[in-house]
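Engineer: Data file data01.cif (mmCIF, C-alpha atoms (C1' of nucleotides)) is appended below.
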```cif
data_structure
#
loop_
_atom_site.label_atom_id
_atom_site.label_comp_id
_atom_site.auth_asym_id
_atom_site.auth_seq_id
_atom_site.Cartn_x
_atom_site.Cartn_y
_atom_site.Cartn_z
CA MET A 11 8.93 18.08 29.91
CA ILE A 12 7.17 16.11 27.22
CA ASN A 13 9.88 13.44 27.00
CA GLU A 14 9.86 12.89 30.76
CA THR A 15 6.08 12.51 30.71
CA LEU A 16 6.36 10.01 27.86
CA LEU A 17 9.00 7.97 29.69
CA ASN A 18 6.81 7.83 32.79
CA TRP A 19 3.90 6.73 30.66
CA TYR A 20 6.09 4.08 29.01
CA ASP A 21 7.25 2.78 32.40
CA ALA A 22 3.64 1.93 33.19
CA ASN A 23 2.34 1.05 29.72
CA ALA A 24 5.14 -0.46 27.60
CA ARG A 25 3.74 -3.15 25.31
CA PRO A 26 5.49 -6.50 25.88
CA MET A 27 7.32 -7.72 22.76
CA PRO A 28 9.55 -10.79 22.38
CA TRP A 29 12.57 -8.65 21.46
CA ARG A 30 11.93 -5.87 23.97
CA ILE A 31 13.62 -5.36 27.37
CA PRO A 32 10.85 -4.07 29.68
CA PRO A 33 11.49 -0.58 31.13
CA ALA A 34 12.02 -1.91 34.66
CA ASP A 35 15.05 -3.89 33.43
CA SER A 36 16.17 -1.36 30.85
CA LYS A 37 16.43 1.28 33.56
CA ASN A 38 18.87 -1.02 35.36
CA GLY A 39 21.09 -1.14 32.31
CA VAL A 40 19.89 -4.43 30.79
CA ARG A 41 20.38 -4.19 27.00
CA PRO A 42 18.65 -6.32 24.36
CA ASP A 43 20.51 -8.52 21.87
CA PRO A 44 21.31 -6.23 18.90
CA TYR A 45 20.57 -9.16 16.56
CA HIS A 46 17.01 -9.30 17.93
CA ILE A 47 16.55 -5.54 17.59
CA TRP A 48 17.88 -5.48 14.03
CA LEU A 49 15.75 -8.50 13.01
CA SER A 50 12.59 -7.09 14.56
CA GLU A 51 13.15 -3.58 13.18
CA VAL A 52 13.60 -4.87 9.63
CA MET A 53 10.41 -6.90 10.01
CA LEU A 54 8.64 -3.85 11.46
CA GLN A 55 9.36 -1.75 8.36
CA GLN A 56 5.87 -1.24 6.88
CA THR A 57 4.45 -3.94 9.13
CA THR A 58 2.58 -3.91 12.43
CA VAL A 59 3.84 -5.46 15.66
CA ALA A 60 0.98 -7.99 15.72
CA ALA A 61 1.91 -9.32 12.27
CA VAL A 62 5.63 -9.45 13.04
CA ILE A 63 5.62 -11.42 16.31
CA ARG A 64 5.14 -14.93 14.93
CA TYR A 65 7.68 -14.33 12.15
CA PHE A 66 10.20 -13.00 14.65
CA LEU A 67 9.77 -16.06 16.87
CA ALA A 68 10.12 -18.42 13.90
CA PHE A 69 13.33 -16.71 12.73
CA GLN A 70 14.74 -16.57 16.26
CA ARG A 71 14.07 -20.26 16.79
CA ARG A 72 15.46 -21.34 13.43
CA TRP A 73 18.45 -18.94 13.34
CA PRO A 74 19.32 -18.00 16.95
CA ASP A 75 22.18 -15.66 16.07
CA VAL A 76 23.52 -13.66 13.13
CA HIS A 77 26.07 -16.33 12.18
CA ALA A 78 23.33 -18.97 11.91
CA LEU A 79 21.29 -16.65 9.69
CA ALA A 80 24.34 -15.80 7.58
CA ASN A 81 24.85 -19.52 6.92
CA ALA A 82 21.21 -20.15 5.94
CA ASP A 83 20.15 -21.05 2.41
CA ASP A 84 18.52 -18.20 0.51
CA ALA A 85 15.44 -20.30 -0.29
CA ASP A 86 14.91 -21.15 3.39
CA VAL A 87 15.01 -17.50 4.42
CA MET A 88 12.69 -16.44 1.59
CA GLY A 89 10.33 -19.29 2.47
CA GLU A 90 10.27 -18.30 6.14
CA TRP A 91 9.54 -14.68 5.13
CA ALA A 92 6.66 -15.68 2.82
CA GLY A 93 3.46 -13.84 3.71
CA LEU A 94 5.20 -10.91 5.39
CA GLY A 95 5.54 -8.90 2.18
CA TYR A 96 8.12 -6.45 0.82
CA TYR A 97 10.43 -9.33 -0.06
CA ALA A 98 13.41 -7.07 -0.79
CA ARG A 99 13.63 -6.82 2.99
CA ALA A 100 14.37 -10.54 3.28
CA ARG A 101 17.01 -10.43 0.54
CA ASN A 102 18.69 -7.46 2.24
CA LEU A 103 18.34 -9.13 5.65
CA LEU A 104 20.39 -12.06 4.45
CA LYS A 105 22.96 -9.81 2.74
CA CYS A 106 23.29 -7.81 5.95
CA ALA A 107 23.61 -10.93 8.14
CA ARG A 108 26.48 -12.15 5.93
CA ILE A 109 28.26 -8.80 6.17
CA ILE A 110 27.87 -8.67 9.97
CA SER A 111 28.99 -12.28 10.28
CA SER A 112 32.05 -12.04 8.03
CA ASP A 113 33.19 -8.39 8.17
CA TYR A 114 32.13 -7.48 11.71
CA GLY A 115 32.74 -10.79 13.47
CA GLY A 116 29.06 -11.01 14.33
CA ILE A 117 29.06 -7.73 16.30
CA PHE A 118 26.63 -5.06 15.12
CA PRO A 119 28.05 -1.52 14.89
CA ASP A 120 26.60 0.88 17.46
CA THR A 121 26.52 4.20 15.59
CA GLU A 122 23.85 5.47 13.21
CA ALA A 123 26.43 6.33 10.54
CA GLU A 124 27.92 2.83 10.49
CA LEU A 125 24.52 1.11 10.69
CA LEU A 126 23.30 3.20 7.76
CA ARG A 127 25.89 1.55 5.51
CA LEU A 128 24.25 -1.86 5.90
CA PRO A 129 21.82 -3.21 3.27
CA GLY A 130 18.18 -2.82 4.26
CA VAL A 131 19.06 -0.30 6.98
CA GLY A 132 17.86 3.24 6.22
CA PRO A 133 17.58 6.34 8.40
CA TYR A 134 14.75 4.98 10.56
CA THR A 135 16.25 1.55 11.21
CA ALA A 136 19.75 2.92 11.86
CA ALA A 137 18.34 5.28 14.50
CA ALA A 138 16.14 2.55 15.99
CA ILE A 139 19.04 0.09 16.41
CA ALA A 140 21.39 2.78 17.76
CA ALA A 141 18.78 3.92 20.28
CA ILE A 142 17.09 0.66 21.30
CA ALA A 143 20.01 -1.78 21.15
CA PHE A 144 22.78 0.58 22.31
CA ASP A 145 20.90 3.39 24.12
CA ARG A 146 22.54 5.99 21.87
CA GLN A 147 20.89 9.42 21.67
CA ALA A 148 19.43 8.78 18.22
CA THR A 149 16.07 10.07 17.00
CA VAL A 150 13.70 7.65 15.30
CA LEU A 151 11.28 9.18 12.81
CA ASP A 152 8.80 6.58 11.64
CA ALA A 153 5.14 7.17 10.82
CA ASN A 154 4.18 6.90 14.49
CA VAL A 155 6.64 9.57 15.52
CA GLU A 156 5.62 11.73 12.57
CA ARG A 157 1.99 11.57 13.70
CA VAL A 158 2.86 12.44 17.30
CA VAL A 159 5.13 15.38 16.38
CA VAL A 160 2.80 16.75 13.69
CA ARG A 161 0.02 16.82 16.26
CA LEU A 162 2.06 18.12 19.20
CA TYR A 163 3.07 21.14 17.07
CA ALA A 164 -0.06 21.29 14.88
CA ILE A 165 1.97 21.12 11.65
CA THR A 166 -0.46 21.60 8.76
CA ALA A 167 2.06 21.41 5.89
CA PRO A 168 1.59 18.12 3.99
CA LEU A 169 3.93 15.14 4.41
CA PRO A 170 6.51 14.40 3.18
CA ASP A 171 7.33 18.12 2.62
CA SER A 172 7.47 18.75 6.36
CA LYS A 173 9.69 15.72 7.04
CA LYS A 174 12.89 17.72 7.54
CA SER A 175 11.34 20.03 10.10
CA LEU A 176 9.75 17.05 11.83
CA GLN A 177 13.20 15.46 12.15
CA GLY A 178 14.39 18.62 13.89
CA LEU A 179 11.43 18.83 16.24
CA ALA A 180 11.64 15.12 17.07
CA GLY A 181 15.36 15.53 17.73
CA GLN A 182 14.74 18.32 20.23
CA LEU A 183 12.43 16.01 22.17
CA THR A 184 14.91 13.12 22.36
CA PRO A 185 16.45 12.93 25.85
CA ALA A 186 20.15 12.21 26.45
CA LYS A 187 19.31 9.54 29.01
CA ARG A 188 17.09 6.53 28.23
CA ALA A 189 17.02 7.45 24.53
CA GLY A 190 16.18 3.82 23.66
CA ASP A 191 13.19 3.68 25.98
CA TYR A 192 12.12 7.11 24.79
CA ALA A 193 12.20 5.97 21.14
CA GLN A 194 10.00 3.02 22.05
CA ALA A 195 7.75 5.21 24.19
CA VAL A 196 6.95 7.67 21.42
CA MET A 197 6.43 4.86 18.89
CA ASP A 198 4.15 3.00 21.31
CA LEU A 199 2.18 6.19 21.84
CA GLY A 200 1.81 6.70 18.08
CA ALA A 201 0.80 3.09 17.52
CA THR A 202 -1.82 3.01 20.27
CA ILE A 203 -3.15 6.36 21.54
CA CYS A 204 -1.95 8.83 18.91
CA SER A 205 -3.10 6.52 16.13
CA GLN A 206 -5.07 7.32 12.99
CA LYS A 207 -8.11 7.81 15.17
CA PRO A 208 -6.52 9.27 18.30
CA THR A 209 -7.90 8.72 21.78
CA CYS A 210 -6.82 12.08 23.17
CA GLU A 211 -8.82 11.57 26.38
CA ILE A 212 -6.24 9.06 27.61
CA CYS A 213 -3.14 10.66 26.09
CA PRO A 214 -0.39 11.45 28.62
CA VAL A 215 0.72 14.52 26.63
CA ALA A 216 -2.71 15.86 25.65
CA ALA A 217 -2.01 19.00 27.69
CA ASN A 218 1.07 19.67 25.51
CA CYS A 219 -0.69 19.05 22.20
CA MET A 220 -1.38 22.04 19.94
CA ALA A 221 -3.52 20.01 17.56
CA ARG A 222 -5.64 18.89 20.49
CA GLU A 223 -5.95 22.51 21.62
CA GLN A 224 -7.04 23.56 18.12
CA GLY A 225 -9.35 20.58 17.72
CA ILE A 226 -7.57 19.33 14.57
CA ALA A 227 -5.80 16.20 15.89
CA THR A 228 -7.96 13.90 13.77
CA GLU A 229 -7.22 15.88 10.57
CA LEU A 230 -3.45 15.51 10.97
CA PRO A 231 -1.14 14.60 9.42
CA ILE A 232 -2.10 16.09 6.05
CA LYS A 233 -0.81 13.94 3.20
CA ARG A 234 -0.26 14.41 -0.48
CA ALA A 235 -3.02 13.02 -2.70
CA LYS A 236 -1.94 9.73 -4.24
CA LEU A 237 -2.30 8.35 -7.72
CA PRO A 238 -5.15 5.95 -8.53
CA LYS A 239 -4.22 2.27 -8.95
CA PRO A 240 -4.45 0.80 -12.45
CA THR A 241 -5.59 -2.80 -13.03
CA ARG A 242 -3.20 -5.31 -14.58
CA TYR A 243 -3.99 -8.71 -16.04
CA GLY A 244 -2.04 -11.95 -16.08
CA ILE A 245 -2.27 -15.75 -16.24
CA ALA A 246 -0.82 -18.22 -13.73
CA TYR A 247 -0.18 -21.79 -14.86
CA ILE A 248 -0.59 -24.85 -12.64
CA ALA A 249 0.87 -27.93 -14.30
CA GLN A 250 0.29 -31.11 -12.33
CA ARG A 251 2.33 -34.17 -13.24
CA ASN A 252 1.04 -37.75 -12.90
CA ASP A 253 3.03 -38.19 -9.66
CA GLY A 254 1.30 -35.12 -8.15
CA ALA A 255 4.27 -32.79 -8.63
CA ILE A 256 3.46 -29.13 -9.43
CA LEU A 257 5.56 -26.88 -11.62
CA LEU A 258 7.01 -24.03 -9.51
CA GLU A 259 9.75 -21.50 -10.13
CA THR A 260 11.88 -19.05 -8.16
CA ARG A 261 11.30 -15.54 -9.40
CA PRO A 262 14.26 -13.36 -10.44
CA GLU A 263 16.03 -11.51 -7.60
CA LYS A 264 14.98 -8.08 -8.83
CA GLY A 265 11.47 -6.69 -8.99
CA LEU A 266 8.08 -7.73 -7.75
CA LEU A 267 8.11 -10.80 -5.45
CA GLY A 268 11.84 -11.05 -6.19
CA GLY A 269 13.47 -14.29 -5.10
CA MET A 270 10.17 -15.84 -4.04
CA LEU A 271 8.77 -19.26 -4.87
CA ALA A 272 5.94 -18.83 -7.38
CA LEU A 273 3.75 -20.37 -10.04
CA PRO A 274 4.89 -19.62 -13.59
CA THR A 275 2.90 -16.65 -14.90
CA THR A 276 2.72 -14.32 -17.85
CA GLU A 277 3.83 -10.71 -17.53
CA TRP A 278 1.26 -8.59 -15.69
CA ILE A 279 0.16 -5.77 -17.97
CA GLU A 280 -2.63 -3.19 -18.22
CA ALA A 281 -4.20 -5.08 -21.14
CA ALA A 282 -5.33 -8.63 -21.86
CA ALA A 283 -2.59 -11.05 -20.80
CA ILE A 284 -0.35 -12.55 -23.49
CA GLU A 285 -0.17 -16.34 -23.16
CA ALA A 286 3.21 -17.66 -22.01
CA PRO A 287 2.66 -21.29 -20.88
CA PRO A 288 5.76 -22.95 -19.41
CA LEU A 289 5.03 -26.07 -21.49
CA ASP A 290 2.62 -27.32 -24.15
CA ALA A 291 -0.44 -28.93 -22.55
CA LYS A 292 -4.19 -28.99 -22.64
CA TRP A 293 -4.85 -26.00 -20.35
CA SER A 294 -8.24 -25.42 -18.74
CA THR A 295 -9.24 -22.06 -17.32
CA LEU A 296 -10.76 -21.55 -13.86
CA GLY A 297 -14.07 -19.73 -13.84
CA ALA A 298 -13.11 -16.66 -11.85
CA PRO A 299 -9.70 -14.94 -11.84
CA VAL A 300 -7.85 -14.43 -8.57
CA LYS A 301 -7.99 -10.83 -7.34
CA HIS A 302 -5.09 -9.24 -5.53
CA THR A 303 -4.03 -5.66 -4.85
CA PHE A 304 -0.41 -4.59 -4.63
CA THR A 305 0.98 -1.21 -3.57
CA HIS A 306 0.49 0.41 -6.94
CA PHE A 307 -1.87 -1.80 -8.97
CA HIS A 308 -4.80 -4.21 -8.82
CA LEU A 309 -4.18 -7.64 -10.35
CA LEU A 310 -6.70 -9.94 -12.02
CA LEU A 311 -4.89 -13.24 -12.35
CA THR A 312 -6.51 -15.95 -14.47
CA VAL A 313 -5.54 -19.44 -13.30
CA LYS A 314 -5.04 -22.21 -15.89
CA THR A 315 -4.46 -25.83 -14.98
CA ALA A 316 -3.31 -28.91 -16.88
CA HIS A 317 -2.40 -32.52 -16.19
CA VAL A 318 0.90 -33.47 -17.79
CA ASP A 319 2.82 -36.74 -18.04
CA MET A 320 6.14 -37.67 -16.48
CA ALA A 321 8.03 -36.80 -19.67
CA ALA A 322 6.86 -33.18 -19.54
CA ALA A 323 9.78 -30.83 -20.20
CA PRO A 324 8.93 -27.26 -19.11
CA THR A 325 10.86 -24.27 -20.47
CA ARG A 326 11.26 -22.90 -16.93
CA GLY A 327 10.75 -23.84 -13.28
CA GLN A 328 10.96 -27.27 -11.72
CA PHE A 329 8.42 -29.89 -10.66
CA GLU A 330 8.04 -30.32 -6.91
CA ILE A 331 5.81 -32.68 -4.96
CA PRO A 332 3.83 -30.34 -2.69
CA THR A 333 4.22 -30.91 1.05
CA ALA A 334 2.38 -29.43 4.00
CA ALA A 335 5.09 -26.74 4.04
CA THR A 336 4.73 -25.72 0.39
CA PRO A 337 1.80 -23.26 0.64
CA GLY A 338 3.53 -21.43 3.49
CA LYS A 339 6.49 -20.65 1.26
CA LEU A 340 4.33 -18.81 -1.27
CA PRO A 341 3.67 -15.07 -1.24
CA THR A 342 0.00 -14.25 -0.74
CA VAL A 343 -1.01 -13.73 -4.38
CA MET A 344 0.59 -17.07 -5.30
CA LEU A 345 -1.09 -18.80 -2.38
CA LYS A 346 -4.45 -17.49 -3.64
CA ALA A 347 -3.80 -18.80 -7.15
CA TYR A 348 -2.42 -22.10 -5.87
CA SER A 349 -5.38 -22.67 -3.55
CA ALA A 350 -7.87 -21.86 -6.30
CA GLY A 351 -6.04 -24.17 -8.69
CA ILE A 352 -5.64 -27.23 -6.49
CA SER A 353 -9.21 -27.09 -5.27
CA ALA A 354 -10.19 -27.24 -8.94
CA ILE A 355 -7.90 -30.09 -10.03
CA GLY A 356 -7.50 -31.86 -6.69
CA VAL A 357 -4.11 -32.42 -5.11
CA GLU A 358 -3.73 -34.83 -2.25
"C1'" DG B 21 -13.03 -1.40 -1.22
"C1'" DT B 22 -9.32 2.44 1.00
"C1'" DC B 23 -5.56 3.68 3.84
"C1'" DC B 24 -1.20 2.88 5.85
"C1'" DC B 25 4.09 2.51 5.79
"C1'" DG B 26 10.81 2.48 5.34
"C1'" DT B 27 14.30 1.44 1.84
"C1'" DA B 28 16.38 1.07 -2.69
"C1'" DC B 29 17.07 2.89 -6.84
"C1'" DA B 30 16.33 5.68 -10.95
"C1'" DT C 6 12.72 13.90 -5.84
"C1'" DG C 7 9.57 10.28 -7.34
"C1'" DT C 8 8.40 5.55 -7.82
"C1'" DA C 9 8.49 0.42 -6.83
"C1'" DC C 10 7.60 -2.60 -3.42
"C1'" DG C 11 2.64 -6.50 -0.10
"C1'" DG C 12 -0.22 -7.41 3.30
"C1'" DG C 13 -3.02 -6.13 7.23
"C1'" DA C 14 -6.30 -2.89 9.60
"C1'" DC C 15 -10.38 -0.75 9.09
#
```
Would you encode the structure as structure tokens?
Structural biologist:
Amino acid sequence: MINETLLNWYDANARPMPWRIPPADSKNGVRPDPYHIWLSEVMLQQTTVAAVIRYFLAFQRRWPDVHALANADDADVMGEWAGLGYYARARNLLKCARIISSDYGGIFPDTEAELLRLPGVGPYTAAAIAAIAFDRQATVLDANVERVVVRLYAITAPLPDSKKSLQGLAGQLTPAKRAGDYAQAVMDLGATICSQKPTCEICPVAANCMAREQGIATELPIKRAKLPKPTRYGIAYIAQRNDGAILLETRPEKGLLGGMLALPTTEWIEAAAIEAPPLDAKWSTLGAPVKHTFTHFHLLLTVKTAHVDMAAAPTRGQFEIPTAATPGKLPTVMLKAYSAGISAIGVE
DNA sequence: GTCCCGTACA
DNA sequence: TGTACGGGAC
């Protein structure tokens, strides 16, 4: 059986992770802390294990259980998430922690259906928590599993059209016993051996793989062509007060970089930016704009700086004296603009 | 540069 | 059903 082979492979090759119970212990019935599994799985949405580890450890240290996280300030959570991307995840994480803390007494539900009701928990994450935290017979279908299944059965229909049939095929492979370890086994396989460039020579299930047999493993999965990215333009403003304070603002909850600490900027549009300075000042423009690429557009962000006096009254944002911690609270595009700006005007 | 990816919401 | 949402790997 393929699932048995994968479990044996996992027993010998499971990647150590801070939230993971190694197979030797898991087989003896040791379960992980559901809070750790939920936190790591939300972080792992769209993000690799290597990138997640240091964020997971920072969150675990600062907020050791779901009640602690539920009681955290929004700005602290957003600041700790800065740099990890997809910031709606952090807003939903906090919402979810508060629901678990207040409505569930801090105990995570153990069924997919109930987990699915929580903010930030979709089909993948519900199945992952049910399987990994509670050893329920739930089937995870993330991109790793999709790749493995598409190749095992040599599915040539493009994703996401074939997603429903993949769910069925993946479900047939899920064993009743050790479903949590199996979920992690197949995802580990997809992340390491059955990756974009598969190393079929060392794959434990190569003998079961139809794509391998047909010599098309590298071509799969077939995906829909995607739209080209447009370029948008904008201006970021760095106002430095005589005491060294910089004008920063918290972006609105909804939309791009929602809830994150940021420099005041214009709208980002597919035409020359329309000036929207947060206060009247003598603005100077940095030579080269900051370049950044988001999911669906490229951004050319012009940075403008100005020195202002203590009486400056901006129309939005608030002045803050930067500390060593300030850059780490900024999302990457804002960190780029901030770094470019302060190196130009000089901030101690 | 290009490719990759779960969830929310329209 | 399609689109918005970031940063890292390559």
Engineer: Within 10 Å of chain A, which residues of chain C are there when counting all atoms listed in the file? Please give them as a list in words.
Structural biologist: DT8, DA9, DC10, DG11, DG12, DG13 and DA14 of chain C
Engineer: Select residues of chain B: the criterion is any atom within 7 Å of an atom of chain A, counting only C-alpha atoms (C1' of nucleotides); output as a list in words.
Structural biologist: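 Residues satisfying the distance criterion: DC25, DG26 and DT27 of chain B.
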Engineer: Just want the 10 Å neighbourhood of Glu124 (chain A), counted on all atoms listed in the file, with same-chain residues fewer than 6 positions away dropped. Output as a CSV table (one decimal) with C-alpha atoms, in the coordinates of the input.
Structural biologist:
```csv
chain,number,residue,atom,x,y,z
A,118,PHE,CA,26.6,-5.1,15.1
A,136,ALA,CA,19.8,2.9,11.9
A,140,ALA,CA,21.4,2.8,17.8
```
Engineer: On this structure, the PyMOL selection byres ((chain A and resi 47) around 12) would catch which residues? List them as a VMD selection string, sorted by chain and number.
Structural biologist: chain A and resid 27 to 31 41 to 46 48 to 54 66 70 75 to 76 118 120 135 to 145 190 194
Engineer: Out of A:Ile245, A:Cys219, A:Arg101, A:Arg108, which residue has the shortest atom-to-atom distance to DA28 (chain B) when counting all atoms listed in the file?
Structural biologist: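 Nearest candidate to DA28 (chain B) out of A:Ile245, A:Cys219, A:Arg101, A:Arg108: A:Arg101.
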Engineer: When you draw a straight line from CA of Asn252 (chain A) to CA of Ile331 (chain A), how long is it in Å?
Structural biologist: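 According to the coordinates, CA of Asn252 (chain A) and CA of Ile331 (chain A) are separated by 10.6 Å.
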Engineer: Evaluate the PyMOL selection byres ((chain A and resi 175-181) around 8) against this structure - the residues, as an MDAnalysis selection string, please.
Structural biologist: chainID A and resid 148:151 155:156 159:160 172:174 182:184
Engineer: Have a look at A:Ala217, A:Leu104, A:Leu169, A:Leu126 and name the one nearest to Lys236 (chain A); count only C-alpha atoms.
Structural biologist: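 Of A:Ala217, A:Leu104, A:Leu169, A:Leu126, the one nearest Lys236 (chain A) is A:Leu169, counting only C-alpha atoms.
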Engineer: How many Å lie between CA of Trp293 (chain A) and CA of Gly327 (chain A), rounded to one decimal?
Structural biologist: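 Here the two named atoms are 17.3 Å from each other.
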Engineer: Using Å and a single decimal, report how far CA of Met197 (chain A) sits from CA of Arg234 (chain A).
Structural biologist: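 About the pair CA of Arg234 (chain A) and CA of Met197 (chain A): they are 22.6 Å apart.
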Engineer: For a cutoff of 12 Å around the file-coordinate point (-8.5, -0.5, 9.2), which residues qualify once you count all atoms listed in the file? I'd like the result as a list of chain:residue names.
Structural biologist: A:Ser205, A:Gln206, A:Lys207, B:DG21, B:DT22, B:DC23, B:DC24, C:DG13, C:DA14, C:DC15
Engineer: Hey, what comes out of the PyMOL selection byres ((chain A and resi 348) around 12) on this file? Could you write it as a ChimeraX atom specification?
Structural biologist: /A:246-250,256-258,271-275,296,299-300,311-315,332,336-347,349-357
Engineer: Quick one: residues within 10 Å of Ala195 (chain A), all atoms listed in the file counted, chain neighbours fewer than 2 positions away excluded, as JSON, numbers by chain?
Structural biologist: {"A": [13, 15, 16, 17, 18, 19, 20, 21, 23, 24, 25, 33, 155, 189, 190, 191, 192, 193, 197, 198, 199, 200, 201]}
Engineer: Could you write out that same residue set with C-alpha atoms as a CSV table (one decimal), in the frame of the given file?
Structural biologist:
```csv
chain,number,residue,atom,x,y,z
A,13,ASN,CA,9.9,13.4,27.0
A,15,THR,CA,6.1,12.5,30.7
A,16,LEU,CA,6.4,10.0,27.9
A,17,LEU,CA,9.0,8.0,29.7
A,18,ASN,CA,6.8,7.8,32.8
A,19,TRP,CA,3.9,6.7,30.7
A,20,TYR,CA,6.1,4.1,29.0
A,21,ASP,CA,7.2,2.8,32.4
A,23,ASN,CA,2.3,1.0,29.7
A,24,ALA,CA,5.1,-0.5,27.6
A,25,ARG,CA,3.7,-3.2,25.3
A,33,PRO,CA,11.5,-0.6,31.1
A,155,VAL,CA,6.6,9.6,15.5
A,189,ALA,CA,17.0,7.4,24.5
A,190,GLY,CA,16.2,3.8,23.7
A,191,ASP,CA,13.2,3.7,26.0
A,192,TYR,CA,12.1,7.1,24.8
A,193,ALA,CA,12.2,6.0,21.1
A,197,MET,CA,6.4,4.9,18.9
A,198,ASP,CA,4.2,3.0,21.3
A,199,LEU,CA,2.2,6.2,21.8
A,200,GLY,CA,1.8,6.7,18.1
A,201,ALA,CA,0.8,3.1,17.5
```
